[in-house]
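**Student:** start_38.csv is reproduced in full below (CSV, C-alpha atoms and all ligand atoms).
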chain,number,residue,atom,x,y,z
A,1090,MET,CA,63.5,90.3,41.8
A,1091,SER,CA,67.3,89.7,41.6
A,1092,ARG,CA,69.3,91.5,39.0
A,1093,GLN,CA,72.6,90.6,37.3
A,1094,LEU,CA,75.5,91.8,39.3
A,1095,ARG,CA,79.1,92.5,38.5
A,1096,VAL,CA,80.8,90.2,41.1
A,1097,ALA,CA,84.5,90.1,42.1
A,1098,VAL,CA,85.7,86.9,43.8
A,1099,LEU,CA,88.9,87.3,45.8
A,1100,GLY,CA,90.7,84.1,46.5
A,1101,ALA,CA,90.4,81.2,44.1
A,1102,GLY,CA,91.1,78.3,46.4
A,1103,THR,CA,88.7,75.5,47.6
A,1104,MET,CA,85.9,78.0,48.0
A,1105,GLY,CA,86.7,80.9,45.6
A,1106,HIS,CA,86.8,78.9,42.4
A,1107,ALA,CA,83.5,77.2,43.2
A,1108,LEU,CA,81.8,80.5,44.3
A,1109,ALA,CA,82.9,82.1,41.0
A,1110,LEU,CA,81.2,79.2,39.2
A,1111,VAL,CA,78.0,79.5,41.3
A,1112,PHE,CA,77.7,83.3,40.5
A,1113,ALA,CA,78.6,82.8,36.9
A,1114,MET,CA,75.9,80.1,36.5
A,1115,GLY,CA,73.5,82.4,38.4
A,1116,GLY,CA,73.7,84.8,35.5
A,1117,HIS,CA,76.2,87.2,37.1
A,1118,ARG,CA,79.4,88.6,35.5
A,1119,VAL,CA,82.3,87.4,37.5
A,1120,ARG,CA,86.0,88.3,37.9
A,1121,LEU,CA,88.2,86.0,39.9
A,1122,THR,CA,91.6,86.7,41.4
A,1123,ASP,CA,94.1,85.0,43.7
A,1124,SER,CA,97.5,86.2,45.1
A,1125,ASN,CA,99.0,82.8,44.0
A,1126,PRO,CA,99.2,82.6,40.2
A,1127,GLU,CA,99.2,78.7,40.3
A,1128,THR,CA,96.0,78.6,42.3
A,1129,LEU,CA,94.4,81.1,39.9
A,1130,ALA,CA,95.5,79.0,36.9
A,1131,ARG,CA,94.3,75.8,38.5
A,1132,ALA,CA,90.9,77.3,39.3
A,1133,GLN,CA,89.9,77.2,35.6
A,1134,GLY,CA,90.2,73.4,35.4
A,1135,LEU,CA,88.4,72.9,38.7
A,1136,MET,CA,85.5,75.1,37.6
A,1137,GLU,CA,85.3,73.3,34.2
A,1138,LYS,CA,85.4,69.9,35.9
A,1139,ALA,CA,82.6,70.9,38.4
A,1140,LEU,CA,80.5,72.3,35.6
A,1141,ALA,CA,81.0,69.1,33.5
A,1142,THR,CA,79.7,67.1,36.5
A,1143,LEU,CA,76.7,69.3,36.8
A,1144,GLU,CA,76.0,69.2,33.1
A,1145,ALA,CA,76.2,65.4,33.1
A,1146,ALA,CA,73.6,65.3,35.8
A,1147,HIS,CA,71.4,67.9,34.1
A,1148,GLU,CA,72.0,70.2,37.1
A,1149,ALA,CA,73.7,73.0,35.2
A,1150,PRO,CA,71.6,75.9,33.9
A,1151,ARG,CA,69.9,75.2,30.5
A,1152,GLY,CA,72.2,75.8,27.6
A,1153,TRP,CA,75.2,76.2,29.9
A,1154,GLY,CA,78.7,74.8,29.2
A,1155,SER,CA,82.3,75.8,29.2
A,1156,ALA,CA,81.8,78.4,26.5
A,1157,GLN,CA,79.3,80.2,28.7
A,1158,LEU,CA,81.7,79.9,31.7
A,1159,ALA,CA,84.5,81.5,29.7
A,1160,GLN,CA,82.2,84.4,28.9
A,1161,ALA,CA,80.8,84.9,32.3
A,1162,CYS,CA,83.9,84.4,34.4
A,1163,THR,CA,87.3,85.8,33.8
A,1164,ARG,CA,90.5,85.5,35.8
A,1165,HIS,CA,92.7,88.4,36.7
A,1166,ALA,CA,96.1,88.6,38.5
A,1167,ASP,CA,95.5,92.2,39.5
A,1168,LEU,CA,93.3,93.1,42.4
A,1169,ALA,CA,92.5,96.6,41.0
A,1170,GLU,CA,91.4,95.1,37.7
A,1171,THR,CA,89.3,92.5,39.5
A,1172,VAL,CA,87.3,94.9,41.6
A,1173,GLU,CA,86.9,97.7,39.0
A,1174,GLY,CA,83.2,98.4,38.7
A,1175,ALA,CA,82.2,95.6,41.0
A,1176,GLU,CA,78.8,95.7,42.7
A,1177,LEU,CA,79.5,92.7,44.9
A,1178,ILE,CA,82.9,91.7,46.3
A,1179,VAL,CA,83.1,88.2,47.6
A,1180,GLU,CA,86.1,87.7,49.9
A,1181,ALA,CA,87.2,84.1,50.0
A,1182,ILE,CA,90.9,84.3,51.0
A,1183,VAL,CA,92.7,82.4,53.7
A,1184,GLU,CA,91.0,82.3,57.1
A,1185,ASN,CA,93.7,84.5,58.7
A,1186,PRO,CA,92.6,87.7,60.4
A,1187,GLU,CA,95.8,89.6,59.5
A,1188,ALA,CA,95.6,88.5,55.8
A,1189,LYS,CA,92.0,89.6,55.7
A,1190,ARG,CA,92.7,93.0,57.5
A,1191,ASP,CA,95.5,93.6,55.0
A,1192,LEU,CA,93.3,92.8,52.0
A,1193,TYR,CA,90.4,95.0,53.3
A,1194,ALA,CA,92.8,97.9,53.7
A,1195,ARG,CA,94.1,97.5,50.1
A,1196,LEU,CA,90.5,97.0,48.9
A,1197,ASP,CA,89.4,100.2,50.5
A,1198,ALA,CA,91.5,102.1,48.0
A,1199,LEU,CA,90.3,100.2,45.0
A,1200,SER,CA,86.6,99.2,45.7
A,1201,PRO,CA,83.8,101.2,44.3
A,1202,PRO,CA,82.2,103.1,47.2
A,1203,GLU,CA,78.8,101.4,46.8
A,1204,ALA,CA,80.2,97.9,46.3
A,1205,ILE,CA,78.9,95.3,48.8
A,1206,TRP,CA,81.6,93.4,50.6
A,1207,ALA,CA,80.6,89.9,51.4
A,1208,SER,CA,83.1,87.7,53.4
A,1209,ASN,CA,82.9,84.0,53.2
A,1210,THR,CA,84.7,83.6,56.6
A,1211,SER,CA,83.8,80.5,58.6
A,1212,TYR,CA,84.5,81.7,62.1
A,1213,LEU,CA,86.0,85.2,62.1
A,1214,ASP,CA,84.2,88.3,63.2
A,1215,VAL,CA,85.6,90.2,60.2
A,1216,PHE,CA,83.7,93.5,60.8
A,1217,PRO,CA,86.3,95.0,63.2
A,1218,LEU,CA,88.9,94.1,60.5
A,1219,MET,CA,87.3,96.4,57.9
A,1220,PRO,CA,87.6,100.1,57.6
A,1221,LYS,CA,84.7,101.6,59.6
A,1222,HIS,CA,83.1,103.5,56.7
A,1223,ARG,CA,82.8,100.3,54.7
A,1224,LEU,CA,80.5,98.6,57.3
A,1225,ARG,CA,77.4,100.1,55.8
A,1226,ARG,CA,77.9,97.9,52.8
A,1227,ALA,CA,79.5,94.9,54.5
A,1228,LEU,CA,78.2,91.5,55.5
A,1229,ILE,CA,79.1,87.9,55.8
A,1230,ALA,CA,77.8,85.5,53.2
A,1231,HIS,CA,79.1,82.1,54.3
A,1232,TRP,CA,78.8,79.2,51.9
A,1233,TYR,CA,79.4,75.5,52.2
A,1234,THR,CA,81.6,73.3,50.1
A,1235,PRO,CA,80.9,72.6,47.3
A,1236,PRO,CA,78.7,75.7,47.1
A,1237,TYR,CA,77.3,74.6,43.6
A,1238,LEU,CA,75.7,71.7,45.4
A,1239,VAL,CA,75.2,72.6,49.1
A,1240,ASP,CA,72.4,75.2,49.2
A,1241,LEU,CA,72.8,76.7,52.7
A,1242,VAL,CA,74.2,80.2,52.9
A,1243,ASP,CA,74.6,82.0,56.2
A,1244,LEU,CA,74.1,85.8,56.0
A,1245,VAL,CA,75.2,88.1,58.8
A,1246,ALA,CA,74.9,91.9,58.3
A,1247,SER,CA,77.6,94.1,59.8
A,1248,PRO,CA,76.3,96.2,62.8
A,1249,ASP,CA,75.9,99.2,60.4
A,1250,CYS,CA,74.8,97.4,57.3
A,1251,GLU,CA,72.1,99.1,55.2
A,1252,PRO,CA,69.1,96.8,54.9
A,1253,GLU,CA,69.2,97.2,51.1
A,1254,ALA,CA,72.7,95.7,50.9
A,1255,LEU,CA,71.6,92.6,52.9
A,1256,ARG,CA,68.4,92.4,50.7
A,1257,THR,CA,70.4,92.5,47.5
A,1258,VAL,CA,72.6,89.6,48.5
A,1259,LYS,CA,69.7,87.6,50.0
A,1260,GLU,CA,67.7,88.0,46.8
A,1261,ALA,CA,70.7,87.1,44.6
A,1262,VAL,CA,71.3,84.0,46.7
A,1263,GLU,CA,67.6,83.0,46.6
A,1264,ALA,CA,67.5,83.6,42.8
A,1265,MET,CA,70.3,81.0,42.5
A,1266,GLY,CA,68.1,78.4,44.2
A,1267,LYS,CA,70.0,78.6,47.5
A,1268,VAL,CA,68.7,78.7,51.0
A,1269,PRO,CA,69.9,81.8,52.9
A,1270,ILE,CA,69.6,81.9,56.7
A,1271,VAL,CA,69.9,85.4,58.1
A,1272,LEU,CA,71.4,85.4,61.6
A,1273,ARG,CA,70.5,88.4,63.8
A,1274,LYS,CA,74.1,88.9,64.9
A,1275,PHE,CA,77.5,87.4,64.4
A,1276,ILE,CA,78.5,84.2,66.2
A,1277,PRO,CA,81.5,82.2,65.1
A,1278,GLY,CA,80.5,79.3,63.0
A,1279,TYR,CA,76.9,80.4,62.6
A,1280,ILE,CA,74.5,77.4,63.1
A,1281,ALA,CA,75.7,74.6,60.9
A,1282,ASN,CA,79.4,75.1,61.5
A,1283,ARG,CA,78.9,75.3,65.2
A,1284,ILE,CA,77.1,71.9,65.1
A,1285,GLN,CA,79.8,70.5,62.9
A,1286,ALA,CA,82.5,71.9,65.2
A,1287,ALA,CA,81.0,70.2,68.2
A,1288,PHE,CA,80.9,66.9,66.2
A,1289,GLN,CA,84.5,67.4,65.2
A,1290,ALA,CA,85.8,68.2,68.7
A,1291,GLU,CA,84.1,65.0,69.9
A,1292,VAL,CA,85.4,62.7,67.2
A,1293,GLN,CA,89.0,64.0,67.5
A,1294,PHE,CA,88.7,63.1,71.2
A,1295,LEU,CA,87.4,59.6,70.3
A,1296,ILE,CA,90.1,59.0,67.8
A,1297,ASP,CA,93.0,60.6,69.8
A,1298,GLU,CA,92.0,58.7,73.0
A,1299,GLY,CA,91.9,55.4,71.1
A,1300,TYR,CA,88.1,54.7,71.4
A,1301,ALA,CA,87.5,54.5,67.7
A,1302,SER,CA,89.1,54.7,64.2
A,1303,ALA,CA,88.3,57.2,61.5
A,1304,GLN,CA,86.3,54.5,59.7
A,1305,ASP,CA,84.3,53.8,62.9
A,1306,VAL,CA,83.4,57.5,63.2
A,1307,ASP,CA,82.3,57.7,59.5
A,1308,ASP,CA,80.3,54.4,59.7
A,1309,SER,CA,78.5,55.8,62.7
A,1310,ALA,CA,77.9,59.1,61.0
A,1311,LEU,CA,76.7,57.5,57.7
A,1312,HIS,CA,74.6,54.7,59.1
A,1313,GLY,CA,73.4,56.2,62.3
A,1314,ILE,CA,73.2,59.9,62.0
A,1315,ALA,CA,73.0,61.0,58.4
A,1316,LEU,CA,70.0,59.0,57.3
A,1317,ARG,CA,67.7,60.6,59.8
A,1318,PHE,CA,69.3,64.1,59.7
A,1319,ALA,CA,68.7,64.1,55.9
A,1320,ILE,CA,64.9,64.2,56.3
A,1321,LEU,CA,64.3,65.4,59.8
A,1322,GLY,CA,67.1,67.8,60.7
A,1323,ILE,CA,67.7,68.0,64.4
A,1324,MET,CA,64.7,69.5,66.1
A,1325,ALA,CA,62.1,67.5,64.2
A,1326,LYS,CA,64.1,64.4,65.0
A,1327,ALA,CA,63.8,65.4,68.7
A,1328,ASP,CA,60.0,65.5,68.2
A,1329,PHE,CA,60.1,62.0,66.8
A,1330,THR,CA,62.4,60.8,69.6
A,1331,GLY,CA,59.9,62.2,72.1
A,1332,LEU,CA,60.8,65.1,74.2
A,1333,PRO,CA,60.5,63.4,77.6
A,1334,MET,CA,63.3,61.0,76.5
A,1335,LEU,CA,65.4,64.0,75.7
A,1336,GLN,CA,64.6,65.6,79.0
A,1337,HIS,CA,65.7,62.4,80.8
A,1338,ALA,CA,68.9,62.4,78.8
A,1339,PHE,CA,69.6,65.9,79.9
A,1340,ARG,CA,68.9,65.1,83.5
A,1341,ASN,CA,71.2,62.1,83.3
A,1342,ARG,CA,74.0,64.3,82.0
A,1343,MET,CA,73.9,62.5,78.6
A,1344,TYR,CA,77.0,64.4,77.4
A,1345,THR,CA,80.1,65.9,78.8
A,1346,PRO,CA,82.2,67.7,76.1
A,1347,PRO,CA,85.9,66.6,75.9
A,1348,PRO,CA,88.4,68.8,77.6
A,1349,ASP,CA,89.2,71.9,75.5
A,1350,THR,CA,93.0,71.5,74.8
A,1351,GLY,CA,93.0,73.6,71.7
A,1352,ALA,CA,94.6,70.8,69.7
A,1353,SER,CA,94.2,67.3,68.5
A,1354,ALA,CA,97.2,64.9,68.5
A,1355,SER,CA,96.2,62.9,65.4
A,1356,LEU,CA,95.4,66.1,63.5
A,1357,ASP,CA,98.8,67.6,64.4
A,1358,ALA,CA,100.6,64.5,63.5
A,1359,LEU,CA,99.0,64.2,60.0
A,1360,VAL,CA,99.4,67.8,59.1
A,1361,ALA,CA,103.1,67.8,60.3
A,1362,ARG,CA,103.8,65.0,57.8
A,1363,GLY,CA,102.0,66.8,54.9
A,1364,ASP,CA,98.9,64.5,54.9
A,1365,THR,CA,96.5,67.5,54.7
A,1366,GLY,CA,93.6,65.8,53.0
A,1367,VAL,CA,92.4,65.0,49.5
A,1368,MET,CA,94.5,67.9,48.0
A,1369,ALA,CA,97.6,66.0,49.2
A,1370,GLY,CA,96.3,62.5,48.5
A,1371,ARG,CA,96.2,61.5,52.1
A,1372,GLY,CA,94.6,62.7,55.3
A,1373,TYR,CA,92.7,60.4,57.7
A,1374,TYR,CA,92.4,58.1,54.7
A,1375,ASP,CA,94.8,57.2,51.9
A,1376,TRP,CA,93.0,58.3,48.7
A,1377,GLY,CA,94.9,55.8,46.6
A,1378,GLY,CA,96.9,58.3,44.5
A,1379,ARG,CA,93.7,59.6,42.9
A,1380,PRO,CA,93.8,63.3,42.0
A,1381,PRO,CA,91.5,65.8,43.8
A,1382,GLU,CA,89.6,66.5,40.5
A,1383,GLN,CA,88.6,62.9,40.3
A,1384,LEU,CA,87.7,62.7,44.0
A,1385,PHE,CA,85.6,65.9,43.8
A,1386,GLU,CA,83.9,64.5,40.7
A,1387,GLU,CA,82.9,61.3,42.5
A,1388,ARG,CA,81.8,63.2,45.6
A,1389,ASP,CA,79.7,65.6,43.5
A,1390,ALA,CA,78.0,62.9,41.5
A,1391,LYS,CA,76.9,61.2,44.7
A,1392,LEU,CA,75.8,64.5,46.2
A,1393,ILE,CA,73.7,65.2,43.2
A,1394,ALA,CA,72.1,61.7,43.3
A,1395,LEU,CA,71.3,62.3,47.0
A,1396,LYS,CA,69.9,65.8,46.3
A,1397,LYS,CA,67.7,64.4,43.5
A,1398,ALA,CA,66.4,61.6,45.8
A,1399,LEU,CA,65.7,64.1,48.6
A,1400,ARG,CA,64.0,66.4,46.2
A,1401,GLN,CA,61.8,63.5,45.1
A,1402,ILE,CA,60.8,62.3,48.5
A,1403,GLY,CA,60.7,65.7,50.2
A,1404,ALA,CA,62.0,66.5,53.7
A,1405,MET,CA,59.6,65.8,56.5
A,1406,ALA,CA,60.6,68.8,58.4
A,1407,GLY,CA,61.7,72.3,57.4
A,1408,ARG,CA,60.2,75.1,55.5
A,1409,GLY,CA,56.4,75.0,55.4
A,1410,MET,CA,56.1,73.3,58.8
A,1411,LYS,CA,54.7,75.5,61.5
A,1412,GLU,CA,56.9,76.1,64.5
A,1413,ASN,CA,55.3,75.6,68.0
A,1414,PRO,CA,55.7,78.9,69.9
A,1415,LEU,CA,58.0,78.5,72.9
B,1,LIG,N1,87.1,75.2,52.7
B,1,LIG,C1,85.8,75.2,53.1
B,1,LIG,O1,85.1,74.1,53.2
B,1,LIG,C2,85.2,76.5,53.5
B,1,LIG,C3,83.8,76.5,53.6
B,1,LIG,C4,83.1,77.8,53.9
B,1,LIG,C5,83.9,78.9,54.1
B,1,LIG,N2,85.3,78.8,54.0
B,1,LIG,C6,86.0,80.1,54.1
B,1,LIG,O2,86.4,80.6,52.9
B,1,LIG,C7,87.6,81.3,52.9
B,1,LIG,C8,88.6,80.6,52.0
B,1,LIG,O3,88.7,79.2,52.4
B,1,LIG,P1,89.3,78.1,51.4
B,1,LIG,O4,89.1,76.8,52.0
B,1,LIG,O5,88.9,78.4,50.0
B,1,LIG,O6,90.9,78.5,51.5
B,1,LIG,P2,92.1,78.1,50.5
B,1,LIG,O7,93.3,78.1,51.3
B,1,LIG,O8,91.7,76.9,49.6
B,1,LIG,O9,92.0,79.4,49.5
B,1,LIG,C9,92.4,80.6,49.9
B,1,LIG,C10,93.0,81.3,48.8
B,1,LIG,O10,93.2,82.7,49.1
B,1,LIG,C11,94.4,83.1,48.5
B,1,LIG,N3,94.8,84.4,49.0
B,1,LIG,C12,95.5,84.6,50.2
B,1,LIG,N4,95.6,85.9,50.4
B,1,LIG,C13,95.1,86.5,49.3
B,1,LIG,C14,95.0,87.9,49.0
B,1,LIG,N5,95.4,88.9,49.7
B,1,LIG,N6,94.4,88.2,47.8
B,1,LIG,C15,93.9,87.2,47.0
B,1,LIG,N7,94.0,85.9,47.3
B,1,LIG,C16,94.6,85.6,48.5
B,1,LIG,C17,95.4,82.0,48.6
B,1,LIG,O11,96.4,82.0,47.7
B,1,LIG,C18,94.4,80.8,48.5
B,1,LIG,O12,94.4,80.3,47.2
B,1,LIG,C19,88.1,81.2,54.4
B,1,LIG,O13,87.6,82.4,55.0
B,1,LIG,C20,87.3,80.0,54.9
B,1,LIG,O14,87.0,80.1,56.3
B,1,LIG,C21,85.9,77.7,53.7
Go through the file and emit its structure as structure tokens.
**Tutor:**
Amino acid sequence: MSRQLRVAVLGAGTMGHALALVFAMGGHRVRLTDSNPETLARAQGLMEKALATLEAAHEAPRGWGSAQLAQACTRHADLAETVEGAELIVEAIVENPEAKRDLYARLDALSPPEAIWASNTSYLDVFPLMPKHRLRRALIAHWYTPPYLVDLVDLVASPDCEPEALRTVKEAVEAMGKVPIVLRKFIPGYIANRIQAAFQAEVQFLIDEGYASAQDVDDSALHGIALRFAILGIMAKADFTGLPMLQHAFRNRMYTPPPDTGASASLDALVARGDTGVMAGRGYYDWGGRPPEQLFEERDAKLIALKKALRQIGAMAGRGMKENPL
């Protein structure tokens, strides 16, 4: 049975503000910080907007609104104040090993000894960046954006992690209605991000080499891939395709990954001119001057509608289906 935890969320950017909201709605007491005062201030509005979207769709906890959020989650400029008395410290700062190492060193002096450190890193092996004696209470808990709607959470215990620390986080995540996957050891990107990274490397190649536009890529994803993935995943889809067909595809060398150049020309060009995505109003698409709050709201409303539909029809594969031993 999961209990209420005192949670400190470090970093209030794209992930941090949303994680603070998730833990607050999950019944935990949350303190949120960011080294950038503007980001910390903006987090409040983003949390309230996301909560309002959930409330409108009847997806927020019963009796929950901005008053409950204000009570459950407070913002603090000071790191020491944020982590004082914390039982779970969620690290969601920038994906930069030096910044994380520096934060862990400062945290070591401030964090309660028994606090569990949970990094939201997407690809970094953060354990060598942490003081060794902290590893017995350290793990990765990797969420997906927006974490108040996407249920998957990857959990990776540090090599020295006490089973109880992993269990505490797993139970807390499950109690919030999420779907934790415990990986046996660290691999950059876990499962879902590795698959997504392979997709991304491929489509950057298709765009950069002039085979297709961003819209062509997204039409192919939405109309070809997503519909079946949503109910079958990947391995159940293989069963429906028929395994001999897949075997032939392998024998015929169905796929050669693009050359690994470590960069994408279109990505570099867009970032260089400040077109960094919805936060900047433009990325691969021009978002028509609409603020990120509005775009997030529209995305979230559609995600909720899709989740409701999937809940209603049920996935064909997944939990409850027996796996055929290999
Ligand atoms: N964006 C995503 O979709 C996503 C998904 C899953 C995991 N992640 C991971 O979550 C982490 C955060 O990613 P993000 O997208 O939210 O980044 P972000 O850039 O939106 O936010 C990071 C925040 O950390 C703050 N920060 C930097 N150093 C700090 C410090 N020492 N103390 C406190 N705050 C500090 C920055 O000011 C910034 O606001 C990364 O490790 C990333 O890999 C991101």
**Student:** Give me, as a PyMOL selection string, all polymer residues having an atom no more than 6 Å from stretch 1229-1232 of chain A, counting all atoms listed in the file and skipping those fewer than 5 positions away in the same chain.
**Tutor:** chain A and resi 1207-1209+1242-1245
**Student:** Would you pick out the contacts of stretch 1311-1323 of chain A at 12 Å or less, using all atoms listed in the file, so that residues sharing its chain but fewer than 2 positions from it are not included, and give the list as a short mmCIF file (atom, residue, chain, number, x, y, z; two decimals) with C-alpha atoms, keeping the file's coordinate frame?
**Tutor:**
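As a result, out-v6.cif now contains:
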data_model
loop_
_atom_site.label_atom_id
_atom_site.label_comp_id
_atom_site.auth_asym_id
_atom_site.auth_seq_id
_atom_site.Cartn_x
_atom_site.Cartn_y
_atom_site.Cartn_z
CA ILE A 1280 74.50 77.40 63.10
CA ALA A 1281 75.70 74.60 60.90
CA ILE A 1284 77.10 71.90 65.10
CA PHE A 1288 80.90 66.90 66.20
CA GLN A 1304 86.30 54.50 59.70
CA ASP A 1305 84.30 53.80 62.90
CA VAL A 1306 83.40 57.50 63.20
CA ASP A 1307 82.30 57.70 59.50
CA ASP A 1308 80.30 54.40 59.70
CA SER A 1309 78.50 55.80 62.70
CA ALA A 1325 62.10 67.50 64.20
CA LYS A 1326 64.10 64.40 65.00
CA ALA A 1327 63.80 65.40 68.70
CA ASP A 1328 60.00 65.50 68.20
CA PHE A 1329 60.10 62.00 66.80
CA THR A 1330 62.40 60.80 69.60
CA LEU A 1395 71.30 62.30 47.00
CA LYS A 1396 69.90 65.80 46.30
CA ALA A 1398 66.40 61.60 45.80
CA LEU A 1399 65.70 64.10 48.60
CA ARG A 1400 64.00 66.40 46.20
CA GLN A 1401 61.80 63.50 45.10
CA ILE A 1402 60.80 62.30 48.50
CA GLY A 1403 60.70 65.70 50.20
CA ALA A 1404 62.00 66.50 53.70
CA MET A 1405 59.60 65.80 56.50
CA ALA A 1406 60.60 68.80 58.40
CA GLY A 1407 61.70 72.30 57.40
CA ARG A 1408 60.20 75.10 55.50
CA MET A 1410 56.10 73.30 58.80
#
**Student:** Closest to A:Thr1163 among A:Leu1110, A:Ala1338, A:Ala1394, A:Leu1332, using all atoms listed in the file?
**Tutor:**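 Answer, going by the shortest atom-to-atom distance: A:Leu1110.
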**Student:** What does the distance between atom CA of A:Asn1125 and atom C10 of ligand LIG 1 (chain B) come to in Å, to one decimal place?
**Tutor:**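 These two atoms are separated by 7.8 Å.
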**Student:** Please check which protein, DNA or RNA residues sit within 7 Å of ligand LIG 1 (chain B), counting all atoms listed in the file, and write them as a PyMOL selection string.
**Tutor:** chain A and resi 1099-1105+1122-1125+1128+1181-1184+1188-1189+1192+1209-1212+1231-1234
**Student:** My list of candidates is A:Val1292, A:Leu1228, A:Ala1107, A:Val1271. Which is closest to A:Asp1249 when distances are computed with all atoms listed in the file?
**Tutor:** A:Leu1228
